[in-house]
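Below: one structure, written as structure tokens.
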Amino acid sequence: MSKKVPYILLLILLIWHAAVFAQDRFPRPEFETGYVYPVDQMPRQRSVAWEYIDVAVLIMALSVTTWLALKKRSRQGLVWMSVFSLAYFGFYREGCICAVGSVQNVSLALFNNSYTIPLTALLFFLIPLIFALFAGRVFCAGVCPLGAIQELTGIRPVKLPKTVESIMAAVPFIYLGLAVLFAAMESQFIICRYDPFVGIFRLDAPYTMIIFGALLLLAGVFVNRPYCRYLCPYGVLLNLFSRFSSRHLTITPAECINCRLCEDVCPYDAILPSNDSGGKEEPAKPRKRFYVYLLLVPVFAAAGGIILNNLAPALATMHNDVRLAREIRLEKETGVEAVSKAAVAFKEAGKTEEELFANELTIVSRFKKASPWAGVFLGLSLGLAMVSLTTTRRRTGYVPHQGKCYSCGRCFKFCPVQPEKTV
Amino acid sequence: MKEGKNKYQSRREFVRRAGKVLVIAPLVALPFALGKKTNASGYVWQIDPMKCTQCGQCKTNCVLTPSASKCVHAYVMCGYCDLCGGYLRQGAKTISTGAENQLCPTGAITRSFVEEPYFQYTIDEDLCDGCAKCVLGCVNFGNGSLYMQIKQDLCVDCNDCSIARTCPSQAISRVPAAQQYIPKDKSRG
Amino acid sequence: MKFTEKDLKIIRGISLVAGIFTLIVGFTMIFSYIQLKTINPLDNPALLSVKEQYDKDPGAGNIAEQVRAMDLMARKAYFATRRQVETGSYLLLAGAVVFIFCSRLIAGNEKVVPSIPGVKPDQIGSGAKYRKYLLISASVILAGAIVSSFLLRSNLPDLSGNSNPATPEKKGGRITGKEFKPDETNYPFFRGQDSRGIAGGSGYPVDWNGEEGRNIKWKTAIPKSGKSSPVVWGKKLFVTGAEGRTGEVYCLDKETGEVLWTAPVSDIAGEPAVLPEMDQDAGLAVSSAAVNKNSVCAIFANGNLISLDHDGNRKWAINIGLPENVYGYSSSLLIYDNTLIVQYDAQEKVSLMGYDTETGELKWETLRNGRPVWSSPVMANFNGKQQVVINGNPYVTSFDAETGDELWSIECLTGDVAPSLAVNSTMAYAVTDYARLAAIKAGTGASIVWEDNMFTPDVSSPVANNEFLFLATGNGDVACYDAQAGDTLWTHYFAQQFYASPVIADEKVYILDRSGTMHIVKATGQYELLAESPLGENADCTPAFSDKKIYLRGRDNLYCISGN
């Protein structure tokens, strides 16, 4: 008899029948003892004012770093600045929101009317770029927490051969192009998803990300700043802006005496030697080369556009809806059951397959329109990189590469020149 | 020679200036382009309980351990039933607070007697880990008064929420910070 | 910062200790983290097995206490592991910071002797080499990418929306597919041919009165009562009845109503001594018989299964096991070729069986997933394949009619599932009370195309053709839906309960309520009531249609209704 009790109870309760599914199965109780409904706690997030304080700290940190790198020229100061940024932007703010990821927010906002970008995200995007325009990559020097953690653990620098370096240096461009594309297509924020250090900052992440971050840091002990050099998409923009900066970090406080003591000390290979001496080519040859490569730029751009246009359906798989549609189609064609949670939820929700496939078509066509631009960007970057190789600037002294130099100040102690004393 | 050098320098200067303008222009234009699409107070992530399918991924996919998403109870919707679909597991032999009958794996739901025949069910948030088993039970056999929500004091507000990314019914989206929760009893209208 | 030798030694020592500490903490953390995420302490096998034991026998000893103790241990372990990981990560951070700080001090202290590098590299020469390498690698990548992108092009799926090979024919914009045209004489199973609820032929009467006898050709009392529906083959009508433990199969002449023979179904080897748990009102004769040109088969709620020829001679009789399942076994039979298809639903086992109608040999048995149900199997033909589809809990599953292999399945309903499916050429419709009405696109990769939950019958099965779906609920609502799109076309409230399933015959829908009155509406998207004909006796059984006559089983009598 006791075995049947639940069934009977269930049956009795089920007989309290609700004609409409959306209404209660069981009617609300009418309490007689004066029972008061408790209220569930809904704690709010910390006030948005704190985010503006973060912006203020950002500006302050950038200003101090600029002063340390350009005026005071103190490597120790820059190191302590990195420690502060790692502690504040890294561990305290848990690495989010950061300027590197803000690229995606800007991209999403530019190409979608449904998303409004938070002001702080926009400021985090613009402010480091503005500082780069005036003082070079001071953001990388002492403010970016990802740069800081790499800078502080980069103890035994080792140089990579130039060919490897040049191939790996192409990756940030691809990363930037894809990140902007995927963000604009409302697919994913890949920079955030594959951020290796945010797991360390949060002290909590899927173990794959922690291992990736730890391995990257371990590699970074020898190949310093691996993320900055070979992955950071924001670095592409900083590189560009820094080339036009009005003031930039210099190796020597006064005029370079060409003592060559600083030639091999930069772990990032960002020191350009002077080229007063050495064989000169006839001016006609480099000029012809320059024009040839200049003409090749649109060819590269067009080729990039075409390639990515063809890759668009494959790239569209980044979008959840496209993946689901493909899974359902595969199930229809081969009979292999679609077991992912999204497929199960789709089947239970009773949405029609026509809707799903129509949606897939719209998304893929959006990708087809947008991917060529990413391809053009990549082609242009490659073409312009080659053009810049044909021009040689005459340098009378040793200067840091205006785009690549992170303004970290490691080269300061190798320069014997004393700052000019104003009498 | 000097003239050639000057021409060289001035050409270089021109290119440099042109480049600077080309580079500064989008930077200046950007705030204007995004002027209307900027908001001052930002977003939080929140689960829409009407779309949620109680798949259980809120517990496993949140970057935090324990997950920032927890079960909340809309008491005004609750039937206060003795045979609670969210408290007792399917196939429970008796109705009691014994562990052999409970659905919640961490024992986060407390059942207390109110008056005949009503029982109150409360969620202990420190114990709840967001597995959504009780929500599934309540939706299938009860009034659906238990539902999942992201607790904004725990959520670190990632730019790309990893539960939102993998939610099978796309129930998690950015909501304006002015309205951080989507309560089930209010949204029923 | 300059350190003495002694200072350096101390710093080296600290950094070594910190490094080893970090490594140890790191490894233990990885271990417990993996433990937490993969072997969830809340699901550990010991706890699960104790819970299973409790489920099998809740009264045994102190099994409940054991479950509680294990559960507490599991929960403690879970929270402890979580705390361990948290504190571990802080320790890890602290150790790493100390290690790195010390390493930096040591590295910073090393004397760096600046050196003048060798010959100044030939920039123009190296620049040229650099350019050459870059150009070569760029062209290789470019060429490879162009070639592969053209190759990729042909592999991309055709998203233009056409080319689904088995598209049913379009008829004036509506997809109708092959129309189901059942035989006008034979009505071989519960709800007719293929158990679809669609009758063949035309000219069926709409107007009669059971009490007055108007248009009633004959009325015969059935010796033993039952809830099974009559089935017709040729000139004979077959129906079952039972009283207590004895079941009987009756054969009547469908023209005169005379009982031609009675076949007893009792004293079969393996028959249980005790009656199964069931609705006392219903008795053992709930499942409808099935007939083909050679045999007539019947099953009773105690598991007795019998096959006879049309003259009442027993071919074989076995007991297939007592199907205990709360309300009582009620699934009706189907015959395909010479295979008798039995849907077996019991607490212990839920399966589909195929018996040889001639020999009684069990040809195949396929186990089904889920809980026992009270629906009956339906024969359908999707994509040219003959299959048996069953409305289960929670799966709607389809099986190959010849071999019994499972073809496809979709999770659909919950709760007590008693209504059978409605099928048309492409879809299957599953419904039960307190769940929903779901329209399933049948075939591999089945998915739910539309659903509704305003009208859900608890016993009566819906009926569908390619255009419309009709159902009648236990409240008295009758609804008509667009079969493809799911729009509710019309609904009507009759103040009577519906148990019997509606049947589509002659472009009309015949809906029998529990009081015996037949409501006849036009089978279209507009509500049009044609007639309401009372029987004068309560009736729960779905009627049979054959050769312009309708056969209704009431509580005690079987009626033949004829228009002339």
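Residue numbering restarts at 1 in every chain; chains get A, B, ... in the order shown in the structure tokens, and ligands count up from 1 in that same order.
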
*asked:* List as number ranges by chain the protein and nucleic acid residues near stretch 64-73 of chain A, meaning an atom at most 9 Å away when only C-alpha atoms are counted, but skip any in the same chain fewer than 4 places from it.
replied: A: 59-60, 77-78, 81, 131, 135-136, 138-139, 141-143, 247-250, 253, 407-409, 412

*Could you please select, counting only C-alpha atoms, the residues of chain B within 9 Å of chain C and state them as a list in words?*
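Residues passing the distance filter: Thr60, Thr65, Pro66, Gly91, Ala92, Lys93, Gly98, Ala99, Glu100, Pro105, Thr106, Gly107, Leu127 and Asn140 of chain B.
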
Selection to disk with N, CA and C atoms, as an mmCIF file, in the first residue's frame:
data_model
loop_
_atom_site.group_PDB
_atom_site.id
_atom_site.type_symbol
_atom_site.label_atom_id
_atom_site.label_comp_id
_atom_site.auth_asym_id
_atom_site.auth_seq_id
_atom_site.Cartn_x
_atom_site.Cartn_y
_atom_site.Cartn_z
ATOM 1 N N THR B 60 28.688 24.176 -14.914
ATOM 2 C CA THR B 60 29.987 23.722 -15.404
ATOM 3 C C THR B 60 30.714 24.749 -16.248
ATOM 4 N N THR B 65 34.460 29.071 -9.855
ATOM 5 C CA THR B 65 34.003 27.894 -9.104
ATOM 6 C C THR B 65 33.787 28.335 -7.682
ATOM 7 N N PRO B 66 32.618 28.274 -7.086
ATOM 8 C CA PRO B 66 31.377 27.825 -7.696
ATOM 9 C C PRO B 66 30.782 28.859 -8.647
ATOM 10 N N GLY B 91 10.569 9.406 -8.194
ATOM 11 C CA GLY B 91 10.686 8.048 -7.669
ATOM 12 C C GLY B 91 10.971 8.041 -6.181
ATOM 13 N N ALA B 92 10.806 9.188 -5.524
ATOM 14 C CA ALA B 92 10.978 9.193 -4.066
ATOM 15 C C ALA B 92 9.885 8.340 -3.444
ATOM 16 N N LYS B 93 10.295 7.492 -2.506
ATOM 17 C CA LYS B 93 9.321 6.543 -1.959
ATOM 18 C C LYS B 93 8.445 7.160 -0.895
ATOM 19 N N GLY B 98 14.585 13.279 4.341
ATOM 20 C CA GLY B 98 15.728 12.374 4.289
ATOM 21 C C GLY B 98 16.526 12.558 3.014
ATOM 22 N N ALA B 99 17.844 12.302 3.123
ATOM 23 C CA ALA B 99 18.703 12.506 1.965
ATOM 24 C C ALA B 99 18.350 11.566 0.830
ATOM 25 N N GLU B 100 17.725 10.425 1.148
ATOM 26 C CA GLU B 100 17.402 9.476 0.089
ATOM 27 C C GLU B 100 16.268 9.987 -0.787
ATOM 28 N N PRO B 105 21.636 17.837 -5.044
ATOM 29 C CA PRO B 105 22.833 17.065 -4.682
ATOM 30 C C PRO B 105 23.630 17.685 -3.549
ATOM 31 N N THR B 106 23.524 19.002 -3.344
ATOM 32 C CA THR B 106 24.299 19.608 -2.272
ATOM 33 C C THR B 106 23.447 19.900 -1.047
ATOM 34 N N GLY B 107 22.173 19.516 -1.093
ATOM 35 C CA GLY B 107 21.321 19.736 0.069
ATOM 36 C C GLY B 107 21.056 21.193 0.342
ATOM 37 N N LEU B 127 25.190 27.020 -0.431
ATOM 38 C CA LEU B 127 25.328 25.626 -0.800
ATOM 39 C C LEU B 127 24.963 25.385 -2.257
ATOM 40 N N ASN B 140 8.820 20.915 -14.422
ATOM 41 C CA ASN B 140 8.088 19.763 -14.968
ATOM 42 C C ASN B 140 6.905 19.340 -14.125
#

*For each of B:Cys161, B:Ile182, B:Ile109, B:Ala177, take the minimum atom-to-atom distance to B:Asn61, counting only C-alpha atoms, then give the residue where this is smallest.*
B:Cys161

*Please identify all polymer residues within 9 Å of C:Ser195, counting only C-alpha atoms, omitting same-chain residues fewer than 3 positions from it, and present them as a list in words.*
Pro188, Phe189, Phe190, Arg191, Gly192, Ile198, Leu334, Ser376, Pro377, Val378, Met379, Ala380, Ser420 and Ala422 of chain C

Generate the output file for the selected residues, C-alpha atoms, as a PDB file, in the first residue's frame.
ATOM      1  CA  PRO C 188      -8.530  -5.139 -39.052  1.00  0.00           C
ATOM      2  CA  PHE C 189      -7.143  -3.366 -35.988  1.00  0.00           C
ATOM      3  CA  PHE C 190      -8.036  -0.924 -33.230  1.00  0.00           C
ATOM      4  CA  ARG C 191      -8.784   2.317 -35.138  1.00  0.00           C
ATOM      5  CA  GLY C 192      -8.854   0.543 -38.485  1.00  0.00           C
ATOM      6  CA  ILE C 198      -9.162   6.562 -40.947  1.00  0.00           C
ATOM      7  CA  LEU C 334      -1.149  -5.181 -35.025  1.00  0.00           C
ATOM      8  CA  SER C 376      -1.260   1.303 -28.872  1.00  0.00           C
ATOM      9  CA  PRO C 377       1.189   0.915 -31.761  1.00  0.00           C
ATOM     10  CA  VAL C 378       0.456   2.510 -35.120  1.00  0.00           C
ATOM     11  CA  MET C 379       1.646   1.362 -38.547  1.00  0.00           C
ATOM     12  CA  ALA C 380       3.104   4.121 -40.674  1.00  0.00           C
ATOM     13  CA  SER C 420      -1.941   6.567 -29.446  1.00  0.00           C
ATOM     14  CA  ALA C 422      -1.903  10.081 -35.190  1.00  0.00           C
TER      15      ALA C 422
END

*With a distance threshold of 7 Å and counting only C-alpha atoms, extract the residues of chain B near chain A and express them as number ranges by chain.*
B: 20, 23, 34, 37-42, 53, 63-65, 72-73, 75-80, 93, 142-143, 151-153, 158-160, 168-169, 180

*Rounded to one decimal in Å, what is the spacing between atom CA of A:Leu216 and atom CA of A:Phe197?*
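The value is 9.0 Å.
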
*Would you list the contacts of B:Trp45 as an MDAnalysis selection string, taking every protein, DNA or RNA residue within 7 Å and counting only C-alpha atoms, but skipping same-chain residues closer than 6 positions in sequence?*
chainID B and resid 157 172:175

Could you please take those selected residues and save C-alpha atoms as a PDB file, in the first residue's frame?
ATOM      1  CA  ASP B 157      31.014  40.392 -15.675  1.00  0.00           C
ATOM      2  CA  ILE B 172      21.603  34.547 -21.383  1.00  0.00           C
ATOM      3  CA  SER B 173      22.109  37.993 -22.797  1.00  0.00           C
ATOM      4  CA  ARG B 174      23.420  41.398 -21.861  1.00  0.00           C
ATOM      5  CA  VAL B 175      20.890  43.433 -19.914  1.00  0.00           C
TER       6      VAL B 175
END

Go through chain A and flag each residue having an atom no more than 8 Å from chain C; for those, report the closest pair of atoms plus their distance in Å to one decimal, using only C-alpha atoms, ordered by chain and rising number, as a Markdown table.
| residue | atom | partner | partner_atom | distance |
| --- | --- | --- | --- | --- |
| A:Leu14 | CA | C:Tyr434 | CA | 7.9 |
| A:Ala19 | CA | C:Met454 | CA | 6.7 |
| A:Val20 | CA | C:Met454 | CA | 5.8 |
| A:Phe21 | CA | C:Asn453 | CA | 6.3 |
| A:Leu152 | CA | C:Ile100 | CA | 7.9 |
| A:Thr153 | CA | C:Ile100 | CA | 6.7 |
| A:Ile155 | CA | C:Arg104 | CA | 6.7 |
| A:Thr163 | CA | C:Tyr130 | CA | 7.6 |
| A:Leu203 | CA | C:Ser89 | CA | 6.1 |
| A:Tyr207 | CA | C:Ile30 | CA | 7.9 |
| A:Cys259 | CA | C:Ile116 | CA | 7.9 |
| A:Arg260 | CA | C:Ile116 | CA | 6.1 |
| A:Leu261 | CA | C:Ile116 | CA | 5.5 |
| A:Glu263 | CA | C:Pro117 | CA | 7.3 |
| A:Asp264 | CA | C:Pro117 | CA | 7.4 |
| A:Asn275 | CA | C:Gln123 | CA | 7.6 |
| A:Gly278 | CA | C:Asp122 | CA | 6.8 |
| A:Gly279 | CA | C:Ile124 | CA | 7.4 |
| A:Lys280 | CA | C:Ile124 | CA | 7.5 |
| A:Glu281 | CA | C:Ile124 | CA | 8.0 |
| A:Ala303 | CA | C:Leu142 | CA | 7.5 |
| A:Ile306 | CA | C:Ile146 | CA | 7.9 |
| A:Ile307 | CA | C:Ile146 | CA | 6.0 |
| A:Asn310 | CA | C:Ser149 | CA | 5.6 |
| A:Leu311 | CA | C:Ser149 | CA | 6.6 |
| A:Pro313 | CA | C:Leu156 | CA | 7.3 |
| A:Ile328 | CA | C:Gly445 | CA | 7.3 |
| A:Glu331 | CA | C:Gly445 | CA | 5.1 |
| A:Lys332 | CA | C:Gly445 | CA | 4.9 |
| A:Gly335 | CA | C:Thr444 | CA | 5.2 |
| A:Val336 | CA | C:Gly445 | CA | 7.6 |
| A:Glu337 | CA | C:Gly445 | CA | 6.2 |
| A:Ala338 | CA | C:Gly445 | CA | 7.5 |
| A:Lys347 | CA | C:Ser447 | CA | 5.1 |
| A:Glu348 | CA | C:Ile448 | CA | 6.5 |
| A:Ala349 | CA | C:Ile448 | CA | 7.7 |
| A:Gly350 | CA | C:Ile448 | CA | 4.9 |
| A:Lys351 | CA | C:Val449 | CA | 6.1 |
| A:Thr352 | CA | C:Val449 | CA | 4.9 |
| A:Glu353 | CA | C:Val449 | CA | 7.2 |
| A:Leu361 | CA | C:Leu159 | CA | 6.7 |
| A:Met386 | CA | C:Arg131 | CA | 7.2 |
| A:Leu389 | CA | C:Arg131 | CA | 6.8 |
| A:Thr390 | CA | C:Arg131 | CA | 8.0 |
| A:Phe414 | CA | C:Pro114 | CA | 7.1 |

C-alpha atoms of the current selection, written as a PDB file, in the first residue's frame:
ATOM      1  CA  LEU A  14      -2.722  16.108 -11.083  1.00  0.00           C
ATOM      2  CA  ALA A  19      -6.519  24.067 -18.684  1.00  0.00           C
ATOM      3  CA  VAL A  20      -3.753  26.396 -19.742  1.00  0.00           C
ATOM      4  CA  PHE A  21      -0.166  25.233 -19.387  1.00  0.00           C
ATOM      5  CA  LEU A 152      58.231  40.602 -14.875  1.00  0.00           C
ATOM      6  CA  THR A 153      58.788  36.929 -15.697  1.00  0.00           C
ATOM      7  CA  ILE A 155      64.342  36.896 -16.969  1.00  0.00           C
ATOM      8  CA  THR A 163      62.860  34.174 -40.341  1.00  0.00           C
ATOM      9  CA  LEU A 203      42.768  32.341  -9.981  1.00  0.00           C
ATOM     10  CA  TYR A 207      42.331  23.927 -16.616  1.00  0.00           C
ATOM     11  CA  CYS A 259      79.515  52.910 -29.384  1.00  0.00           C
ATOM     12  CA  ARG A 260      77.427  49.848 -30.342  1.00  0.00           C
ATOM     13  CA  LEU A 261      77.089  48.712 -26.713  1.00  0.00           C
ATOM     14  CA  GLU A 263      73.193  46.662 -30.288  1.00  0.00           C
ATOM     15  CA  ASP A 264      72.238  43.192 -28.962  1.00  0.00           C
ATOM     16  CA  ASN A 275      73.522  52.768 -41.260  1.00  0.00           C
ATOM     17  CA  GLY A 278      78.216  50.080 -45.541  1.00  0.00           C
ATOM     18  CA  GLY A 279      77.711  49.498 -49.215  1.00  0.00           C
ATOM     19  CA  LYS A 280      75.156  51.538 -50.966  1.00  0.00           C
ATOM     20  CA  GLU A 281      73.047  50.372 -53.807  1.00  0.00           C
ATOM     21  CA  ALA A 303      43.892  38.191 -53.170  1.00  0.00           C
ATOM     22  CA  ILE A 306      39.024  36.655 -52.452  1.00  0.00           C
ATOM     23  CA  ILE A 307      40.513  34.022 -50.163  1.00  0.00           C
ATOM     24  CA  ASN A 310      35.747  31.763 -50.110  1.00  0.00           C
ATOM     25  CA  LEU A 311      36.462  30.881 -46.514  1.00  0.00           C
ATOM     26  CA  PRO A 313      31.094  29.635 -44.863  1.00  0.00           C
ATOM     27  CA  ILE A 328      20.652  19.303 -37.615  1.00  0.00           C
ATOM     28  CA  GLU A 331      21.444  14.480 -38.668  1.00  0.00           C
ATOM     29  CA  LYS A 332      18.886  14.638 -41.461  1.00  0.00           C
ATOM     30  CA  GLY A 335      20.989   9.779 -39.463  1.00  0.00           C
ATOM     31  CA  VAL A 336      23.678  10.354 -36.852  1.00  0.00           C
ATOM     32  CA  GLU A 337      21.689  11.713 -33.967  1.00  0.00           C
ATOM     33  CA  ALA A 338      22.428  15.266 -32.913  1.00  0.00           C
ATOM     34  CA  LYS A 347      13.989  19.958 -30.933  1.00  0.00           C
ATOM     35  CA  GLU A 348      12.078  20.391 -27.710  1.00  0.00           C
ATOM     36  CA  ALA A 349      11.351  24.038 -28.283  1.00  0.00           C
ATOM     37  CA  GLY A 350       9.327  23.150 -31.344  1.00  0.00           C
ATOM     38  CA  LYS A 351      10.950  25.701 -33.619  1.00  0.00           C
ATOM     39  CA  THR A 352      10.698  24.813 -37.250  1.00  0.00           C
ATOM     40  CA  GLU A 353      13.655  23.728 -39.304  1.00  0.00           C
ATOM     41  CA  LEU A 361      21.550  31.559 -44.717  1.00  0.00           C
ATOM     42  CA  MET A 386      56.916  44.417 -47.983  1.00  0.00           C
ATOM     43  CA  LEU A 389      61.233  46.663 -46.474  1.00  0.00           C
ATOM     44  CA  THR A 390      62.300  48.308 -49.697  1.00  0.00           C
ATOM     45  CA  PHE A 414      73.699  49.909 -21.503  1.00  0.00           C
TER      46      PHE A 414
END

*Could you state the separation of atom CA of A:Phe111 and atom CA of A:Leu382 in Å, given to one decimal place?*
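Atom CA of A:Leu382 lies at a distance of 25.0 Å from atom CA of A:Phe111.
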
*asked:* From the options A:Ile251, A:Cys232, A:Met209, A:Ala301, which residue's atoms come nearest to A:Leu176, counting only C-alpha atoms?
replied: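 Ranked by minimum distance to A:Leu176, first place goes to A:Cys232.
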